[in-house]
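*Asks:* Sharing my_file26.cif (mmCIF, C-alpha atoms) below.
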data_work
loop_
_atom_site.label_atom_id
_atom_site.label_comp_id
_atom_site.auth_asym_id
_atom_site.auth_seq_id
_atom_site.Cartn_x
_atom_site.Cartn_y
_atom_site.Cartn_z
CA MET O 8 0.00 0.00 0.00
CA GLN O 9 1.29 3.42 -0.92
CA LYS O 10 1.39 6.11 1.78
CA LEU O 11 0.12 9.56 0.85
CA ILE O 12 0.46 12.76 2.80
CA VAL O 13 -2.55 15.07 2.98
CA GLY O 14 -1.79 18.07 5.13
CA LYS O 15 -0.26 16.58 8.27
CA ASN O 16 -2.01 13.22 7.90
CA VAL O 17 -0.66 10.06 6.34
CA ILE O 18 -3.30 8.09 4.47
CA ARG O 19 -3.12 4.74 2.73
CA PRO O 20 -5.45 4.09 -0.18
CA ASP O 21 -6.20 0.47 -0.97
CA ILE O 22 -5.09 0.80 -4.59
CA VAL O 23 -3.27 3.46 -6.58
CA ILE O 24 -3.40 2.72 -10.29
CA ASN O 25 -0.56 4.23 -12.28
CA LEU O 26 -1.87 5.55 -15.57
CA PRO O 27 0.23 6.83 -18.50
CA ASN O 28 1.80 10.30 -18.33
CA ASN O 29 2.40 10.07 -14.58
CA ARG O 30 -1.32 10.11 -13.78
CA HIS O 31 -2.97 8.14 -11.01
CA LEU O 32 -6.35 6.79 -9.98
CA ILE O 33 -7.19 6.01 -6.37
CA ILE O 34 -9.47 3.13 -5.46
CA ASP O 35 -10.60 2.63 -1.90
CA SER O 36 -12.42 -0.58 -1.11
CA LYS O 37 -15.37 -0.13 1.21
CA VAL O 38 -16.94 -3.42 2.13
CA THR O 39 -20.18 -3.13 4.05
CA LEU O 40 -20.58 -6.86 3.99
CA THR O 41 -22.06 -7.34 7.47
CA SER O 42 -24.85 -4.82 6.98
CA TYR O 43 -25.46 -6.10 3.44
CA LEU O 44 -25.76 -9.72 4.64
CA GLU O 45 -28.13 -8.58 7.38
CA TYR O 46 -30.22 -6.87 4.71
CA ILE O 47 -30.21 -10.05 2.56
CA GLU O 48 -31.54 -12.02 5.55
CA ASP O 49 -34.03 -9.32 6.56
CA ASN O 50 -35.23 -6.79 3.97
CA SER O 51 -36.23 -4.38 6.72
CA LYS O 52 -32.51 -3.75 7.31
CA LEU O 53 -32.13 -1.87 4.00
CA LYS O 54 -32.01 1.50 5.79
CA ASP O 55 -29.18 0.23 8.01
CA PHE O 56 -27.22 -0.95 4.98
CA LYS O 57 -27.66 2.38 3.18
CA ALA O 58 -26.78 4.29 6.36
CA GLU O 59 -23.55 2.26 6.58
CA VAL O 60 -22.75 3.06 2.94
CA LYS O 61 -23.40 6.78 3.55
CA LYS O 62 -21.05 6.64 6.54
CA ARG O 63 -18.38 5.03 4.34
CA ILE O 64 -18.89 7.77 1.73
CA THR O 65 -18.39 10.43 4.40
CA ASP O 66 -15.32 8.66 5.79
CA LEU O 67 -13.82 8.36 2.32
CA ALA O 68 -14.55 11.99 1.48
CA ASN O 69 -12.87 13.07 4.73
CA LYS O 70 -9.65 11.35 3.68
CA ASN O 71 -9.40 13.97 0.91
CA TYR O 72 -7.18 11.91 -1.36
CA GLN O 73 -7.44 14.64 -4.00
CA ALA O 74 -5.23 16.89 -1.86
CA ALA O 75 -2.35 14.37 -1.88
CA GLY O 76 0.50 16.27 -3.48
CA ASP O 77 2.30 13.09 -4.57
CA LEU O 78 -0.32 12.15 -7.14
CA PHE O 79 -1.76 13.70 -10.27
CA GLN O 80 -5.30 12.40 -10.39
CA PRO O 81 -8.85 13.34 -11.26
CA ASP O 82 -10.93 15.14 -8.65
CA PHE O 83 -12.68 11.94 -7.65
CA VAL O 84 -11.98 8.65 -5.94
CA LEU O 85 -13.43 5.28 -6.86
CA MET O 86 -15.21 3.56 -3.98
CA TYR O 87 -15.04 -0.14 -4.79
CA MET O 88 -17.69 -2.48 -3.46
CA PRO O 89 -17.12 -6.12 -4.46
CA VAL O 90 -20.76 -7.20 -4.20
CA GLU O 91 -22.23 -6.15 -7.54
CA THR O 92 -25.85 -6.58 -6.51
CA SER O 93 -25.34 -4.13 -3.65
CA VAL O 94 -23.83 -1.58 -6.05
CA ASN O 95 -26.77 -1.95 -8.43
CA MET O 96 -29.19 -1.48 -5.55
CA LEU O 97 -27.35 1.64 -4.35
CA TYR O 98 -27.64 3.22 -7.80
CA GLU O 99 -31.42 3.04 -7.40
CA ASP O 100 -31.13 5.51 -4.49
CA SER O 101 -30.57 8.88 -6.17
CA ASP O 102 -30.00 10.69 -2.84
CA LEU O 103 -27.18 8.34 -1.88
CA ILE O 104 -25.59 8.58 -5.33
CA MET O 105 -25.90 12.39 -5.21
CA GLN O 106 -24.16 12.41 -1.82
CA ALA O 107 -21.33 10.36 -3.31
CA TYR O 108 -21.19 12.63 -6.37
CA LYS O 109 -21.03 15.79 -4.22
CA SER O 110 -18.23 14.14 -2.24
CA ASN O 111 -16.31 13.39 -5.49
CA ILE O 112 -16.77 9.67 -5.08
CA ILE O 113 -17.86 7.21 -7.73
CA ILE O 114 -19.19 3.91 -6.45
CA VAL O 115 -18.06 1.00 -8.61
CA GLY O 116 -18.47 -2.73 -8.46
CA THR O 117 -16.47 -5.53 -9.98
CA ALA O 118 -18.21 -5.31 -13.36
CA SER O 119 -17.86 -1.55 -13.73
CA LEU O 120 -14.34 -1.16 -12.29
CA LEU O 121 -12.36 -2.06 -15.40
CA THR O 122 -14.66 -0.02 -17.64
CA THR O 123 -14.33 2.98 -15.33
CA ILE O 124 -10.53 2.69 -15.27
CA ARG O 125 -10.42 2.53 -19.08
CA LEU O 126 -12.77 5.50 -19.35
CA VAL O 127 -10.69 7.59 -16.96
CA ASN O 128 -7.52 6.65 -18.84
CA GLN O 129 -9.12 7.62 -22.15
CA LEU O 130 -10.38 10.94 -20.76
CA LEU O 131 -6.96 11.76 -19.35
CA ALA O 132 -5.38 10.92 -22.72
CA GLN O 133 -7.85 13.25 -24.44
CA GLN O 134 -7.03 15.96 -21.91
CA LYS O 135 -3.32 15.49 -22.60
CA GLN O 136 -4.01 15.67 -26.35
CA ALA O 137 -6.02 18.88 -25.88
CA GLU O 138 -3.16 20.37 -23.86
CA SER O 139 -0.72 19.41 -26.62
CA VAL O 140 -2.96 20.99 -29.26
CA GLN O 141 -3.11 24.16 -27.15
CA GLN O 142 0.70 24.20 -26.92
CA ILE O 143 0.91 23.86 -30.71
CA VAL O 144 -1.60 26.69 -31.18
CA THR O 145 0.36 28.89 -28.77
CA ALA O 146 3.66 28.09 -30.50
CA GLY O 147 2.06 28.79 -33.91
CA SER O 148 0.66 32.10 -32.68
CA ASN O 149 4.04 33.09 -31.28
CA LEU O 150 5.74 32.13 -34.55
CA TYR O 151 3.19 34.14 -36.55
CA GLU O 152 3.62 37.21 -34.33
CA THR O 153 7.40 36.93 -34.67
CA PHE O 154 7.09 36.64 -38.45
CA VAL O 155 4.76 39.67 -38.63
CA GLN O 156 7.21 41.70 -36.53
CA PHE O 157 10.08 40.54 -38.76
CA CYS O 158 8.14 41.65 -41.86
CA ASP O 159 7.37 45.01 -40.24
CA ASP O 160 11.07 45.40 -39.43
CA LEU O 161 11.99 44.57 -43.06
CA VAL O 162 9.49 47.15 -44.39
CA GLU O 163 10.93 49.74 -42.01
CA LEU O 164 14.46 48.80 -43.05
CA GLN O 165 13.46 49.11 -46.73
CA LYS O 166 12.08 52.63 -46.06
CA LYS O 167 15.29 53.64 -44.33
CA MET O 168 17.38 52.16 -47.13
CA ASN O 169 15.23 54.04 -49.68
CA ASP O 170 15.81 57.26 -47.70
CA VAL O 171 19.55 56.58 -47.61
CA SER O 172 19.52 55.78 -51.33
CA SER O 173 17.59 58.96 -52.08
CA LYS O 174 19.97 61.07 -50.01
CA PHE O 175 22.93 59.32 -51.60
CA THR O 176 21.53 60.05 -55.09
CA THR O 177 20.86 63.69 -54.14
CA THR O 178 24.38 64.09 -52.83
CA ILE O 179 25.90 62.45 -55.93
CA ASN O 180 23.80 64.70 -58.17
CA ARG O 181 25.08 67.81 -56.30
CA PHE O 182 28.62 66.75 -56.95
CA LYS O 183 27.84 66.06 -60.60
CA ARG O 184 26.30 69.56 -61.08
CA ASN O 185 29.08 71.29 -59.25
CA SER O 186 31.79 69.42 -61.08
CA LYS O 187 30.62 70.51 -64.54
#
Show this structure as structure tokens.
*Replies:*
Amino acid sequence: MQKLIVGKNVIRPDIVINLPNNRHLIIDSKVTLTSYLEYIEDNSKLKDFKAEVKKRITDLANKNYQAAGDLFQPDFVLMYMPVETSVNMLYEDSDLIMQAYKSNIIIVGTASLLTTIRLVNQLLAQQKQAESVQQIVTAGSNLYETFVQFCDDLVELQKKMNDVSSKFTTTINRFKRNSK
């Protein structure tokens, strides 16, 4: 497990996935297995299970992994729950999912984890490509401005050379008239 420093606290995410271009994705596994099994045995325990999940969301948000200076990552953390049926059930509760969203947490299960990692990787690659395009545009703009200034300088130099040529011709013509 990799140690991260957030402020004065040392935190240890369950998984740090190293993505290309020195990017990272944090996954924290939050198993609420006991409360989920109690719910499976007794459907009236659904509120207890969801309350436990909400507590885990709050705990995970309080870790503030996004503030870890050692990692370059998106502004969210993946909260992994290995029981896929519990994840599917949680996504039916819009308030719970909104709480997770506002806390910058995406709840994923086994089936959606790989897809989410690939999506994040692709989005980060597109962001990198957009940054590269912006650098090219900036370099092109700078080159154009330099070229325009160079052309302006050449036009100014041509004017000065024409003035010098005109004065030179005038001076030569004076000598020619006076020498006759």
*Asks:* Give the answer as one residue: which of O:Arg184, O:Leu53, O:Gln134, O:Ile18 has the shortest atom-to-atom distance to O:Ala74, using only C-alpha atoms?
*Replies:* O:Ile18
*Asks:* Would you kindly return, as a list in words, each protein, DNA or RNA residue with an atom no farther than 9 Å from any atom of stretch 111-113 of chain O, considering only C-alpha atoms and excluding same-chain residues fewer than 6 positions away?
*Replies:*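 Once the nearby chain positions are removed, what remains is Ile64, Leu67, Ala68, Asp82, Phe83, Val84, Leu85, Met86, Tyr87 and Ile104 of chain O.
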*Asks:* Taking the file as shown, find all residues satisfying the PyMOL selection byres ((chain O and resi 131) around 10) and write them as a list of chain:residue names.
*Replies:* O:Leu26, O:Pro27, O:Asn28, O:Arg30, O:His31, O:Gln80, O:Pro81, O:Arg125, O:Leu126, O:Val127, O:Asn128, O:Gln129, O:Leu130, O:Ala132, O:Gln133, O:Gln134, O:Lys135, O:Gln136, O:Ala137
*Asks:* Quick one, how far is atom CA of O:Arg63 from atom CA of O:Thr39?
*Replies:*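 If I compute the distance from atom CA of O:Arg63 to atom CA of O:Thr39, I get 8.4 Å.
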*Asks:* Please compute the atom CA of O:Ser51-atom CA of O:Ala107 distance, one decimal, in Å.
*Replies:*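 Computed distance, atom CA of O:Ser51 to atom CA of O:Ala107, equals 23.2 Å.
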*Asks:* Quick one: pull the distance between atom CA of O:Val94 and atom CA of O:Gly116, Å, one decimal.
*Replies:*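 Computing the Euclidean distance for atom CA of O:Val94 and atom CA of O:Gly116 yields 6.0 Å.
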*Asks:* When you count all atoms listed in the file, which of these residues is closest to O:Ile114: O:Lys70, O:Arg19, O:Lys61, O:Lys52?
*Replies:* O:Lys61
*Asks:* Excluding O:Ala118 and residues on its chain fewer than 6 positions from it, collect all residues at most 10 Å away from it, counting only C-alpha atoms, and give them as number ranges by chain.
*Replies:* O: 89-91, 94
*Asks:* I'd like to know which of O:Phe79, O:Thr65, O:Leu120, O:Ser148 is closest to O:Tyr108, using all atoms listed in the file.
*Replies:*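 Ranking O:Phe79, O:Thr65, O:Leu120, O:Ser148 by distance to O:Tyr108, first place goes to O:Thr65.
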*Asks:* Find the axis-aligned box for stretch 179-183 of chain O, covering all its listed atoms and adding 8 Å on each side, and write its centre and edge lengths in Å to one decimal as lines of an AutoDock Vina configuration file.
*Replies:*
center_x = 26.2
center_y = 65.1
center_z = -58.3
size_x = 20.8
size_y = 21.4
size_z = 20.7
*Asks:* Extract, using only C-alpha atoms, all DNA, RNA and protein residues at most 10 Å from stretch 97-99 of chain O, discarding same-chain residues fewer than 2 positions from it, and format them as a VMD selection string.
*Replies:* chain O and resid 56 to 57 60 91 to 95 101 to 105 114 to 115
*Asks:* Pick from O:Met88, O:Phe182, O:Leu32, O:Glu48: nearest to O:Ser119, with all atoms listed in the file counted?
*Replies:*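 Smallest separation from O:Ser119 among the options: O:Met88.
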*Asks:* I need the residue nearest O:Ala58 from this list: O:Asp35, O:Asp100, O:Lys167, O:Asn29. Use only C-alpha atoms for the distance.
*Replies:* O:Asp100
*Asks:* With N, CA and C atoms as the target, complete stretch 122-140 of chain O and hand it back as a JSON list (two decimals), in the frame of the given file.
*Replies:*
[["chain", "number", "residue", "atom", "x", "y", "z"],
["O", 122, "THR", "N", -14.12, -1.00, -16.69],
["O", 122, "THR", "CA", -14.66, -0.02, -17.64],
["O", 122, "THR", "C", -14.39, 1.40, -17.16],
["O", 123, "THR", "N", -14.57, 1.64, -15.89],
["O", 123, "THR", "CA", -14.33, 2.98, -15.33],
["O", 123, "THR", "C", -12.85, 3.35, -15.45],
["O", 124, "ILE", "N", -11.96, 2.42, -15.15],
["O", 124, "ILE", "CA", -10.53, 2.69, -15.27],
["O", 124, "ILE", "C", -10.17, 3.03, -16.72],
["O", 125, "ARG", "N", -10.70, 2.26, -17.66],
["O", 125, "ARG", "CA", -10.42, 2.53, -19.08],
["O", 125, "ARG", "C", -10.97, 3.89, -19.49],
["O", 126, "LEU", "N", -12.16, 4.22, -19.02],
["O", 126, "LEU", "CA", -12.77, 5.50, -19.35],
["O", 126, "LEU", "C", -11.94, 6.66, -18.81],
["O", 127, "VAL", "N", -11.52, 6.54, -17.57],
["O", 127, "VAL", "CA", -10.69, 7.59, -16.96],
["O", 127, "VAL", "C", -9.38, 7.73, -17.74],
["O", 128, "ASN", "N", -8.77, 6.61, -18.08],
["O", 128, "ASN", "CA", -7.52, 6.65, -18.84],
["O", 128, "ASN", "C", -7.73, 7.34, -20.19],
["O", 129, "GLN", "N", -8.83, 7.01, -20.85],
["O", 129, "GLN", "CA", -9.12, 7.62, -22.15],
["O", 129, "GLN", "C", -9.38, 9.12, -22.00],
["O", 130, "LEU", "N", -10.11, 9.52, -20.98],
["O", 130, "LEU", "CA", -10.38, 10.94, -20.76],
["O", 130, "LEU", "C", -9.10, 11.71, -20.44],
["O", 131, "LEU", "N", -8.23, 11.11, -19.65],
["O", 131, "LEU", "CA", -6.96, 11.76, -19.35],
["O", 131, "LEU", "C", -6.09, 11.87, -20.60],
["O", 132, "ALA", "N", -6.13, 10.86, -21.46],
["O", 132, "ALA", "CA", -5.38, 10.92, -22.72],
["O", 132, "ALA", "C", -5.94, 12.03, -23.60],
["O", 133, "GLN", "N", -7.25, 12.18, -23.64],
["O", 133, "GLN", "CA", -7.85, 13.25, -24.44],
["O", 133, "GLN", "C", -7.49, 14.62, -23.87],
["O", 134, "GLN", "N", -7.44, 14.71, -22.54],
["O", 134, "GLN", "CA", -7.03, 15.96, -21.91],
["O", 134, "GLN", "C", -5.59, 16.29, -22.28],
["O", 135, "LYS", "N", -4.72, 15.29, -22.24],
["O", 135, "LYS", "CA", -3.32, 15.49, -22.60],
["O", 135, "LYS", "C", -3.22, 15.93, -24.06],
["O", 136, "GLN", "N", -4.01, 15.31, -24.93],
["O", 136, "GLN", "CA", -4.01, 15.67, -26.35],
["O", 136, "GLN", "C", -4.48, 17.11, -26.52],
["O", 137, "ALA", "N", -5.52, 17.51, -25.79],
["O", 137, "ALA", "CA", -6.02, 18.88, -25.88],
["O", 137, "ALA", "C", -4.97, 19.87, -25.40],
["O", 138, "GLU", "N", -4.24, 19.51, -24.34],
["O", 138, "GLU", "CA", -3.16, 20.37, -23.86],
["O", 138, "GLU", "C", -2.05, 20.49, -24.91],
["O", 139, "SER", "N", -1.74, 19.38, -25.57],
["O", 139, "SER", "CA", -0.72, 19.41, -26.62],
["O", 139, "SER", "C", -1.17, 20.28, -27.79],
["O", 140, "VAL", "N", -2.43, 20.16, -28.17],
["O", 140, "VAL", "CA", -2.96, 20.99, -29.26],
["O", 140, "VAL", "C", -2.86, 22.46, -28.86]]
